[in-house]
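*Asks:* What follows is a single structure, and I will ask about it in a moment.
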Amino acid sequence: MSALRLVLVASVAALTLAACNRDREKAADPAAPSAAAPATTADAGAPLAYESKNAFASVKLTLPPALKTQPDLHAALYAGAVRDLRQFVEGAQADRTEAGGDAGMPPYEKIIEIQPGAETGKLFSLKRQDYDFTGGAHGNTLFAGVLWDKAMKRQITVADLFRKGVDMRALDQALCAAANAAKRQRVPDAEPVSLDPARGTMWSCPKALETPFVLTPGTVAGKAGGLTFLIGAYQLGPYVEGPYEVVVPQSALRALLAPAYADEFAGAPVKTGDAPAPRG
């Protein structure tokens, strides 16, 4: 056999042995990742914050550490909020580029804060607050509630929480009474608001099904003591009066709840404090 042939045979043998050794090492390492099963966003986890700033806009997101216990919800909320913030930045750049002449104006601003509500055996709740500033005397704040079924791993709606076809007028009246009590506490001489305001009246009580809410902590461990409704500025009074967080006890709504979730409520609500004053 020629010297060249001997070298080729030896090289092939060495490469075959090396490949076999690598295969044995991979089989012996249970932590080696599989190309056939890539990690999902939920498996990998999502951050608890996001922030970006340029000459046109400043945006920020904060999420609560408690959200890490629900990785599927965490991934979905993070992805959705970051998408909203990026779209806001793109819109700000387009808006201000087209407008021109705003050199002395501060950047637009959007801040999304997601905070934990109460949690029960089946349900996990969150409050989302979006503050947007696009010029003018002040920004605007919007609220949203998130209700998550932990076992089914899906968001549920108001229609899921309450019995189908139930008359909600009793809850509307309970919410209106609680809203007036909160309003009197903040502005003692304020005129009361009603569900059916007179013509020309600017303020009115919100309807329960049209108002975002979160679960309220209760006096019974693992149960919600009621619902906290998130009422924005301008609903009950002028902007300077600010938003309200109005608690309706579970005793006022228990008969309306769907059977699947009725047992998640018990006891009395724990007072959580009212909403902060609006941002400037």
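Ordered as shown in the structure tokens, chains take letters A, B, and onward, while each chain numbers its residues from 1 and ligands are numbered from 1 in the order shown.
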Write out as a PDB file with all heavy atoms, in the first residue's frame the residues lying within 9 Å of Gln173 in chain A, counting only C-alpha atoms and excluding same-chain residues fewer than 2 positions away.

*Replies:*
```pdb
ATOM      1  N   MET A 168     -77.699  42.556  35.432  1.00  0.00           N
ATOM      2  CA  MET A 168     -76.566  43.204  36.093  1.00  0.00           C
ATOM      3  C   MET A 168     -76.939  44.517  36.767  1.00  0.00           C
ATOM      4  O   MET A 168     -76.058  45.217  37.281  1.00  0.00           O
ATOM      5  CB  MET A 168     -75.453  43.453  35.075  1.00  0.00           C
ATOM      6  CG  MET A 168     -74.900  42.203  34.410  1.00  0.00           C
ATOM      7  SD  MET A 168     -74.068  41.094  35.587  1.00  0.00           S
ATOM      8  CE  MET A 168     -72.602  42.051  35.952  1.00  0.00           C
ATOM      9  N   ARG A 169     -78.222  44.880  36.794  1.00  0.00           N
ATOM     10  CA  ARG A 169     -78.593  46.172  37.377  1.00  0.00           C
ATOM     11  C   ARG A 169     -78.227  46.282  38.850  1.00  0.00           C
ATOM     12  O   ARG A 169     -77.841  47.352  39.326  1.00  0.00           O
ATOM     13  CB  ARG A 169     -80.081  46.425  37.165  1.00  0.00           C
ATOM     14  CG  ARG A 169     -80.442  46.837  35.738  1.00  0.00           C
ATOM     15  CD  ARG A 169     -81.924  47.061  35.566  1.00  0.00           C
ATOM     16  NE  ARG A 169     -82.687  45.818  35.751  1.00  0.00           N
ATOM     17  CZ  ARG A 169     -84.000  45.731  35.614  1.00  0.00           C
ATOM     18  NH1 ARG A 169     -84.712  46.819  35.326  1.00  0.00           N
ATOM     19  NH2 ARG A 169     -84.618  44.569  35.779  1.00  0.00           N
ATOM     20  N   ALA A 170     -78.316  45.165  39.572  1.00  0.00           N
ATOM     21  CA  ALA A 170     -77.970  45.209  40.995  1.00  0.00           C
ATOM     22  C   ALA A 170     -76.489  45.536  41.185  1.00  0.00           C
ATOM     23  O   ALA A 170     -76.121  46.318  42.080  1.00  0.00           O
ATOM     24  CB  ALA A 170     -78.304  43.874  41.657  1.00  0.00           C
ATOM     25  N   LEU A 171     -75.644  44.974  40.333  1.00  0.00           N
ATOM     26  CA  LEU A 171     -74.214  45.282  40.425  1.00  0.00           C
ATOM     27  C   LEU A 171     -73.938  46.714  39.985  1.00  0.00           C
ATOM     28  O   LEU A 171     -73.100  47.401  40.581  1.00  0.00           O
ATOM     29  CB  LEU A 171     -73.407  44.291  39.581  1.00  0.00           C
ATOM     30  CG  LEU A 171     -71.880  44.461  39.621  1.00  0.00           C
ATOM     31  CD1 LEU A 171     -71.364  44.442  41.049  1.00  0.00           C
ATOM     32  CD2 LEU A 171     -71.203  43.376  38.782  1.00  0.00           C
ATOM     33  N   LEU A 175     -72.107  49.396  42.367  1.00  0.00           N
ATOM     34  CA  LEU A 175     -70.924  50.136  41.918  1.00  0.00           C
ATOM     35  C   LEU A 175     -71.168  51.639  42.003  1.00  0.00           C
ATOM     36  O   LEU A 175     -70.284  52.401  42.432  1.00  0.00           O
ATOM     37  CB  LEU A 175     -70.569  49.726  40.489  1.00  0.00           C
ATOM     38  CG  LEU A 175     -69.440  50.498  39.814  1.00  0.00           C
ATOM     39  CD1 LEU A 175     -68.157  50.423  40.627  1.00  0.00           C
ATOM     40  CD2 LEU A 175     -69.208  49.974  38.397  1.00  0.00           C
ATOM     41  N   CYS A 176     -72.363  52.088  41.633  1.00  0.00           N
ATOM     42  CA  CYS A 176     -72.682  53.514  41.680  1.00  0.00           C
ATOM     43  C   CYS A 176     -72.649  54.029  43.118  1.00  0.00           C
ATOM     44  O   CYS A 176     -72.104  55.105  43.396  1.00  0.00           O
ATOM     45  CB  CYS A 176     -74.051  53.759  41.049  1.00  0.00           C
ATOM     46  SG  CYS A 176     -74.451  55.511  40.793  1.00  0.00           S
ATOM     47  N   ALA A 177     -73.198  53.251  44.039  1.00  0.00           N
ATOM     48  CA  ALA A 177     -73.189  53.658  45.448  1.00  0.00           C
ATOM     49  C   ALA A 177     -71.764  53.734  45.981  1.00  0.00           C
ATOM     50  O   ALA A 177     -71.392  54.680  46.705  1.00  0.00           O
ATOM     51  CB  ALA A 177     -74.017  52.676  46.270  1.00  0.00           C
ATOM     52  N   ALA A 178     -70.936  52.746  45.624  1.00  0.00           N
ATOM     53  CA  ALA A 178     -69.547  52.746  46.084  1.00  0.00           C
ATOM     54  C   ALA A 178     -68.759  53.895  45.452  1.00  0.00           C
ATOM     55  O   ALA A 178     -67.901  54.507  46.100  1.00  0.00           O
ATOM     56  CB  ALA A 178     -68.898  51.409  45.746  1.00  0.00           C
ATOM     57  N   SER A 194     -75.084  59.649  39.053  1.00  0.00           N
ATOM     58  CA  SER A 194     -76.108  58.609  38.966  1.00  0.00           C
ATOM     59  C   SER A 194     -75.927  57.797  37.695  1.00  0.00           C
ATOM     60  O   SER A 194     -75.168  58.171  36.786  1.00  0.00           O
ATOM     61  CB  SER A 194     -77.501  59.233  38.988  1.00  0.00           C
ATOM     62  OG  SER A 194     -77.728  59.970  37.794  1.00  0.00           O
ATOM     63  N   LEU A 195     -76.637  56.667  37.618  1.00  0.00           N
ATOM     64  CA  LEU A 195     -76.588  55.826  36.426  1.00  0.00           C
ATOM     65  C   LEU A 195     -77.307  56.485  35.251  1.00  0.00           C
ATOM     66  O   LEU A 195     -76.959  56.250  34.098  1.00  0.00           O
ATOM     67  CB  LEU A 195     -77.217  54.460  36.722  1.00  0.00           C
ATOM     68  CG  LEU A 195     -76.384  53.511  37.580  1.00  0.00           C
ATOM     69  CD1 LEU A 195     -77.232  52.358  38.097  1.00  0.00           C
ATOM     70  CD2 LEU A 195     -75.200  52.972  36.778  1.00  0.00           C
ATOM     71  N   CYS A 205     -72.353  57.575  36.714  1.00  0.00           N
ATOM     72  CA  CYS A 205     -71.827  56.322  37.244  1.00  0.00           C
ATOM     73  C   CYS A 205     -71.499  55.375  36.089  1.00  0.00           C
ATOM     74  O   CYS A 205     -72.254  55.278  35.116  1.00  0.00           O
ATOM     75  CB  CYS A 205     -72.857  55.656  38.160  1.00  0.00           C
ATOM     76  SG  CYS A 205     -72.972  56.392  39.795  1.00  0.00           S
ATOM     77  N   LYS A 207     -71.088  51.717  34.146  1.00  0.00           N
ATOM     78  CA  LYS A 207     -71.744  50.409  34.153  1.00  0.00           C
ATOM     79  C   LYS A 207     -70.691  49.342  34.458  1.00  0.00           C
ATOM     80  O   LYS A 207     -69.560  49.399  33.961  1.00  0.00           O
ATOM     81  CB  LYS A 207     -72.412  50.131  32.805  1.00  0.00           C
ATOM     82  CG  LYS A 207     -73.497  51.125  32.424  1.00  0.00           C
ATOM     83  CD  LYS A 207     -74.744  50.909  33.262  1.00  0.00           C
ATOM     84  CE  LYS A 207     -75.874  51.850  32.811  1.00  0.00           C
ATOM     85  NZ  LYS A 207     -76.376  51.533  31.471  1.00  0.00           N
ATOM     86  N   ALA A 208     -71.052  48.358  35.250  1.00  0.00           N
ATOM     87  CA  ALA A 208     -70.096  47.346  35.700  1.00  0.00           C
ATOM     88  C   ALA A 208     -69.453  46.599  34.530  1.00  0.00           C
ATOM     89  O   ALA A 208     -68.233  46.383  34.508  1.00  0.00           O
ATOM     90  CB  ALA A 208     -70.773  46.365  36.650  1.00  0.00           C
TER      91      ALA A 208
END
```

*Asks:* Name the residues in contact with Glu191 in chain A at a cut-off of 10 Å, using only C-alpha atoms, excluding same-chain residues fewer than 4 positions from it; report them as a list in words.

*Replies:*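 The residues satisfying every condition are Asn180, Lys183, Arg184, Val187, Trp203, Leu236 and Gly237 of chain A.
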
*Asks:* Please produce a file of the residues just selected, as a CSV table (one decimal), in the first residue's frame, where the atoms kept are N, CA, C and O atoms.

*Replies:*
```
chain,number,residue,atom,x,y,z
A,180,ASN,N,-70.0,56.9,44.5
A,180,ASN,CA,-70.4,58.1,45.2
A,180,ASN,C,-69.7,58.2,46.6
A,180,ASN,O,-69.3,59.3,47.0
A,183,LYS,N,-66.2,59.2,46.0
A,183,LYS,CA,-66.2,60.6,45.5
A,183,LYS,C,-66.4,61.6,46.7
A,183,LYS,O,-65.7,62.6,46.8
A,184,ARG,N,-67.3,61.3,47.6
A,184,ARG,CA,-67.6,62.2,48.8
A,184,ARG,C,-66.4,62.2,49.7
A,184,ARG,O,-66.1,63.2,50.3
A,187,VAL,N,-64.0,64.5,47.6
A,187,VAL,CA,-64.5,65.8,47.5
A,187,VAL,C,-65.8,65.9,48.3
A,187,VAL,O,-66.9,65.6,47.7
A,203,TRP,N,-71.0,64.2,34.3
A,203,TRP,CA,-70.5,63.0,35.0
A,203,TRP,C,-71.6,62.0,35.2
A,203,TRP,O,-72.8,62.4,35.4
A,236,LEU,N,-66.1,60.3,36.8
A,236,LEU,CA,-66.9,60.8,38.0
A,236,LEU,C,-66.7,62.3,38.2
A,236,LEU,O,-67.5,62.8,39.0
A,237,GLY,N,-65.8,62.9,37.6
A,237,GLY,CA,-65.5,64.3,37.9
A,237,GLY,C,-64.5,64.9,36.9
A,237,GLY,O,-64.0,64.2,36.0
```

*Asks:* DSSP on the backbone: which residues in range 175-271 of chain A end up as strand (DSSP E)? Give the answer as a ChimeraX atom specification.

*Replies:* /A:213-217,224-231,244-249

*Asks:* Only N, CA and C atoms, please: the residues just picked out, written as a PDB file, in the first residue's frame.

*Replies:*
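Final file, result23.pdb:
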```
ATOM      1  N   PHE A 213     -61.764  45.841  35.827  1.00  0.00           N
ATOM      2  CA  PHE A 213     -61.664  45.533  37.255  1.00  0.00           C
ATOM      3  C   PHE A 213     -60.596  44.489  37.505  1.00  0.00           C
ATOM      4  N   VAL A 214     -60.190  44.371  38.778  1.00  0.00           N
ATOM      5  CA  VAL A 214     -59.308  43.298  39.239  1.00  0.00           C
ATOM      6  C   VAL A 214     -59.936  42.687  40.491  1.00  0.00           C
ATOM      7  N   LEU A 215     -59.454  41.515  40.862  1.00  0.00           N
ATOM      8  CA  LEU A 215     -59.914  40.894  42.099  1.00  0.00           C
ATOM      9  C   LEU A 215     -59.390  41.673  43.294  1.00  0.00           C
ATOM     10  N   THR A 216     -60.211  41.773  44.332  1.00  0.00           N
ATOM     11  CA  THR A 216     -59.831  42.476  45.564  1.00  0.00           C
ATOM     12  C   THR A 216     -59.405  41.469  46.623  1.00  0.00           C
ATOM     13  N   PRO A 217     -58.268  41.691  47.295  1.00  0.00           N
ATOM     14  CA  PRO A 217     -57.893  40.798  48.395  1.00  0.00           C
ATOM     15  C   PRO A 217     -58.993  40.745  49.438  1.00  0.00           C
ATOM     16  N   ALA A 224     -61.139  35.875  46.953  1.00  0.00           N
ATOM     17  CA  ALA A 224     -61.291  37.301  46.673  1.00  0.00           C
ATOM     18  C   ALA A 224     -62.430  37.867  47.506  1.00  0.00           C
ATOM     19  N   GLY A 225     -62.203  39.038  48.073  1.00  0.00           N
ATOM     20  CA  GLY A 225     -63.238  39.668  48.891  1.00  0.00           C
ATOM     21  C   GLY A 225     -64.183  40.530  48.097  1.00  0.00           C
ATOM     22  N   GLY A 226     -63.930  40.675  46.796  1.00  0.00           N
ATOM     23  CA  GLY A 226     -64.787  41.483  45.946  1.00  0.00           C
ATOM     24  C   GLY A 226     -64.076  41.833  44.660  1.00  0.00           C
ATOM     25  N   LEU A 227     -64.550  42.867  43.998  1.00  0.00           N
ATOM     26  CA  LEU A 227     -63.942  43.362  42.770  1.00  0.00           C
ATOM     27  C   LEU A 227     -63.570  44.830  42.952  1.00  0.00           C
ATOM     28  N   THR A 228     -62.408  45.212  42.455  1.00  0.00           N
ATOM     29  CA  THR A 228     -61.983  46.601  42.458  1.00  0.00           C
ATOM     30  C   THR A 228     -62.139  47.145  41.037  1.00  0.00           C
ATOM     31  N   PHE A 229     -63.051  48.083  40.847  1.00  0.00           N
ATOM     32  CA  PHE A 229     -63.305  48.668  39.529  1.00  0.00           C
ATOM     33  C   PHE A 229     -62.377  49.864  39.319  1.00  0.00           C
ATOM     34  N   LEU A 230     -61.796  49.946  38.124  1.00  0.00           N
ATOM     35  CA  LEU A 230     -60.793  50.952  37.787  1.00  0.00           C
ATOM     36  C   LEU A 230     -61.456  52.032  36.934  1.00  0.00           C
ATOM     37  N   ILE A 231     -61.732  53.156  37.545  1.00  0.00           N
ATOM     38  CA  ILE A 231     -62.508  54.226  36.900  1.00  0.00           C
ATOM     39  C   ILE A 231     -61.572  55.382  36.565  1.00  0.00           C
ATOM     40  N   TYR A 244     -60.309  56.732  40.037  1.00  0.00           N
ATOM     41  CA  TYR A 244     -60.777  56.090  41.263  1.00  0.00           C
ATOM     42  C   TYR A 244     -60.605  54.574  41.161  1.00  0.00           C
ATOM     43  N   GLU A 245     -60.331  53.950  42.304  1.00  0.00           N
ATOM     44  CA  GLU A 245     -60.391  52.500  42.437  1.00  0.00           C
ATOM     45  C   GLU A 245     -61.500  52.199  43.442  1.00  0.00           C
ATOM     46  N   VAL A 246     -62.597  51.678  42.946  1.00  0.00           N
ATOM     47  CA  VAL A 246     -63.811  51.512  43.749  1.00  0.00           C
ATOM     48  C   VAL A 246     -64.058  50.034  44.011  1.00  0.00           C
ATOM     49  N   VAL A 247     -64.167  49.685  45.271  1.00  0.00           N
ATOM     50  CA  VAL A 247     -64.336  48.282  45.671  1.00  0.00           C
ATOM     51  C   VAL A 247     -65.815  47.961  45.890  1.00  0.00           C
ATOM     52  N   VAL A 248     -66.264  46.873  45.263  1.00  0.00           N
ATOM     53  CA  VAL A 248     -67.600  46.330  45.513  1.00  0.00           C
ATOM     54  C   VAL A 248     -67.413  44.983  46.204  1.00  0.00           C
ATOM     55  N   PRO A 249     -67.957  44.792  47.413  1.00  0.00           N
ATOM     56  CA  PRO A 249     -67.755  43.534  48.141  1.00  0.00           C
ATOM     57  C   PRO A 249     -68.401  42.354  47.436  1.00  0.00           C
TER      58      PRO A 249
END
```

*Asks:* Please list as a PyMOL selection string every residue within 6 Å of range 155-166 of chain A, counting only C-alpha atoms and excluding residues in the same chain fewer than 6 positions away.

*Replies:* chain A and resi 147-148+256-258

*Asks:* The selected residues should be written to file as a compact mmCIF listing (two decimals), in the first residue's frame (atoms: C-alpha atoms).

*Replies:*
```txt
# COMPACT_ATOMS: atom_id res chain seq x y z
CA LEU A 147 -58.22 37.90 34.68
CA TRP A 148 -56.39 34.60 34.12
CA LEU A 256 -74.39 36.88 39.81
CA LEU A 257 -71.23 34.78 39.51
CA ALA A 258 -70.89 31.78 37.19
```

*Asks:* Can you work out which one of A:Gly145, A:Pro269, A:Pro64, A:Pro71 has the shortest atom-to-atom distance to Arg128 in chain A, counting only C-alpha atoms?

*Replies:*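 Answer, going by the shortest atom-to-atom distance: A:Gly145.
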
*Asks:* What's the separation between CA of Gly121 in chain A and CA of Ala255 in chain A, in Å to one decimal place?

*Replies:*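 The value is 19.6 Å.
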
*Asks:* Kindly indicate which residue among A:Ala118, A:Ile112, A:Val59, A:Gly139 lies nearest to Thr219 in chain A, using only C-alpha atoms for the distances.

*Replies:*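 Among the listed residues, the smallest separation from Thr219 in chain A belongs to A:Ala118.
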
*Asks:* So, counting only C-alpha atoms, which residue among A:Leu142, A:Leu123, A:Met105, A:Ile111 is closest to Leu61 in chain A?

*Replies:* A:Ile111

*Asks:* Quick one: pick out all helix (DSSP H, G or I) residues within range 69-202 of chain A from a backbone DSSP run and write them as JSON, numbers by chain.

*Replies:* {"A": [69, 71, 72, 73, 74, 75, 76, 77, 78, 79, 80, 81, 82, 83, 84, 85, 86, 87, 88, 89, 90, 91, 92, 93, 94, 95, 96, 97, 98, 99, 158, 159, 160, 161, 169, 170, 171, 172, 173, 174, 175, 176, 177, 178, 179, 180, 181, 182, 183, 184, 185, 186]}

*Asks:* Separation of CA of Gly135 in chain A and CA of Ala233 in chain A, in Å?

*Replies:*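 One can read the CA of Gly135 in chain A to CA of Ala233 in chain A distance as 17.7 Å.
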
*Asks:* Determine the nearest neighbour of His138 in chain A from the options A:Val240, A:Val220, A:Leu253, A:Ala266, counting only C-alpha atoms.

*Replies:*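 The shortest atom-to-atom distance to His138 in chain A comes from A:Val240.
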
*Asks:* CA of Lys271 in chain A and CA of Pro212 in chain A are how many Å apart?

*Replies:*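 Here the two named atoms are 18.3 Å from each other.
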
*Asks:* Would you please work out which residue, of A:Ala198, A:Leu77, A:Ile114, A:Leu85, is nearest to Ser58 in chain A when using only C-alpha atoms?

*Replies:*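 Nearest to Ser58 in chain A: A:Leu85.
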
*Asks:* Determine the nearest neighbour of Leu126 in chain A from the options A:Ala81, A:Ala174, A:Leu209, A:Leu73, counting only C-alpha atoms.

*Replies:*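 Once distances to Leu126 in chain A are computed over only C-alpha atoms, the minimum belongs to A:Leu73.
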